[in-house]
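These notes are about the structure you will find just below.
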Amino acid sequence: MLVKLISGDTPRSRLLSLIVLLIGLALLFAPFLFPGIKSLDTAARIAIFIVLVASYDLLLGYTGIVSFAHTMFYGIGAYGTALALDAWGPSFWAMGLGTLLGALVAAVLALLIGLFSLRVRAIFFAMVTLAIASAFAVLVSQLSAFTGGEDGLTYRIPRELTPAFRLMKDRILDVSLNGRLVAYYLIFFASLILFLVLLRIVNSPFGTTLKAVRDNPFRAEAIGYRVVWYRTGATVLSAVVAALAGSLLAIWLRYTGPATTLSMEIMIDILLMVVIGGMGTMYGAVVGATIFILAQTYLQDLMGIASKATAGIPLLSELIAPERWLLWLGVLFILSVYFFPTGIVGRLRGEAK
């Protein structure tokens, strides 16, 4: 049953199976295992970024397309939900309609980009997507009356998804059963469903053809496959899933702005997560997103503790000072790429053979 649920795409490594299982269980029971606002927010962001990174891996790892417009689709989904809630009020139908419209706009834009740009060489396509994403970010910032500009949009979501709503008065394991918990499980199960859909896609005949197009597009064209159509299809599917991930972020944060969805920093983060986890492996998105988000969230705190513990060693305490966390984050990822050139998942699967 479980093998069928994951479309027959097993981790193919005992250690990887254990890691993925632990991540899944930690996210499933996060509100009870790691109580607190920060830890719950971290778990929600991990779930969202797993979907976002997996959708990008559909492009980069499975189809061989380098795109810098993925955060644009992510932002379109977030703004679609945000604008709908801002305009029509905190209702589930407004939230659903905004999510649907955001995904639809992302699909249409991805289709246009694919049809007009995927005929050019890879590097030129990457430059085209970078230009379009940059132009879109500028447009969002300038339409301040509509999008809130650089300040973004703050809006209300349905009361059933807020801390003000209580399922029951009693607590379970000292956790209040309120709307915030409902919102978290909405994010978790929606992310799980989207991830399973992506697994189904990459293990379908369509996904197999994408790998053929990635490995040798000329041979794929020669045996009758319309390479441009398959690449465009992958671009559209990837954009739709990224937009849905953006909608989940908008629901969770109750705020949408350029810095949270459209910035180039997020695009670089996505690339890092794909490379660290392993390209062409959906499980790479699970591992890469989890490691990256945890390091991004807690590395500075851990360095602060280590710096205080080594206060008597001047040079060492200065080197691991909390304000240098970005430096050490970069060092950690350089080392991970050096020791895991095929990504963590690729390395674990290689060792299991």
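Residue numbering restarts at 1 for every chain of the structure tokens, chains are lettered A, B, ... in their displayed order, and ligands are numbered from 1 as they appear.
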
Inset, instruction - Find the spatial neighbours of Lys211 of chain A, counting only C-alpha atoms, within a cut-off of 6 Å - ignore same-chain residues fewer than 2 positions away - and output them as a list of chain:residue names. - result: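 Close residues of Lys211 of chain A: A:Tyr62, A:Thr63, A:Thr208, A:Thr209, A:Val213, A:Arg214.
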
Inset, instruction - Could you give me, as a PyMOL selection string, each residue of segment 224-279 of chain A that DSSP assigns to alpha helix (DSSP H) when run on this structure's backbone? - result: chain A and resi 227-253+258-261+264-277

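Minimum distance to Ser191 of chain A across A:Ala69, A:Met282, A:Val287, A:Ile50 (counting only C-alpha atoms) occurs at A:Ile50.
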
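Distance annotation: of A:Leu161, A:Ala110, A:Leu299, A:Val3, the residue with the minimal separation from Thr232 of chain A is A:Ala110; atom set is only C-alpha atoms.
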
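Nearest residue to Val275 of chain A among A:Trp229, A:Phe292, A:Phe29, A:Phe195 is A:Phe292, counting only C-alpha atoms.
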
Inset, instruction - Compile the contact shell of Leu253 of chain A as a PyMOL selection string: residues with an atom at most 10 Å away, counting only C-alpha atoms, same-chain residues fewer than 5 positions apart removed. - result: chain A and resi 41+44-45+154-155+157+248+260

Legend entry - All residues 9 Å or closer to Glu150 of chain A, only C-alpha atoms, same chain fewer than 2 positions away omitted, as number ranges by chain: A: 140-142, 144, 147-148, 152, 257-259

Legend entry - Distance in Å - atom CA of Leu244 of chain A versus atom CA of Pro31 of chain A: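 Between atom CA of Leu244 of chain A and atom CA of Pro31 of chain A the gap works out to 22.9 Å.
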
Legend entry - Separation of atom CA of Leu192 of chain A from atom CA of Leu272 of chain A in Å: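 A separation of 21.6 Å between them.
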
Legend entry - Proximity to Asp9 of chain A - best of A:Val105, A:Val202, A:Ala239, A:Glu318, only C-alpha atoms: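 Selected residue with least distance to Asp9 of chain A: A:Val202.
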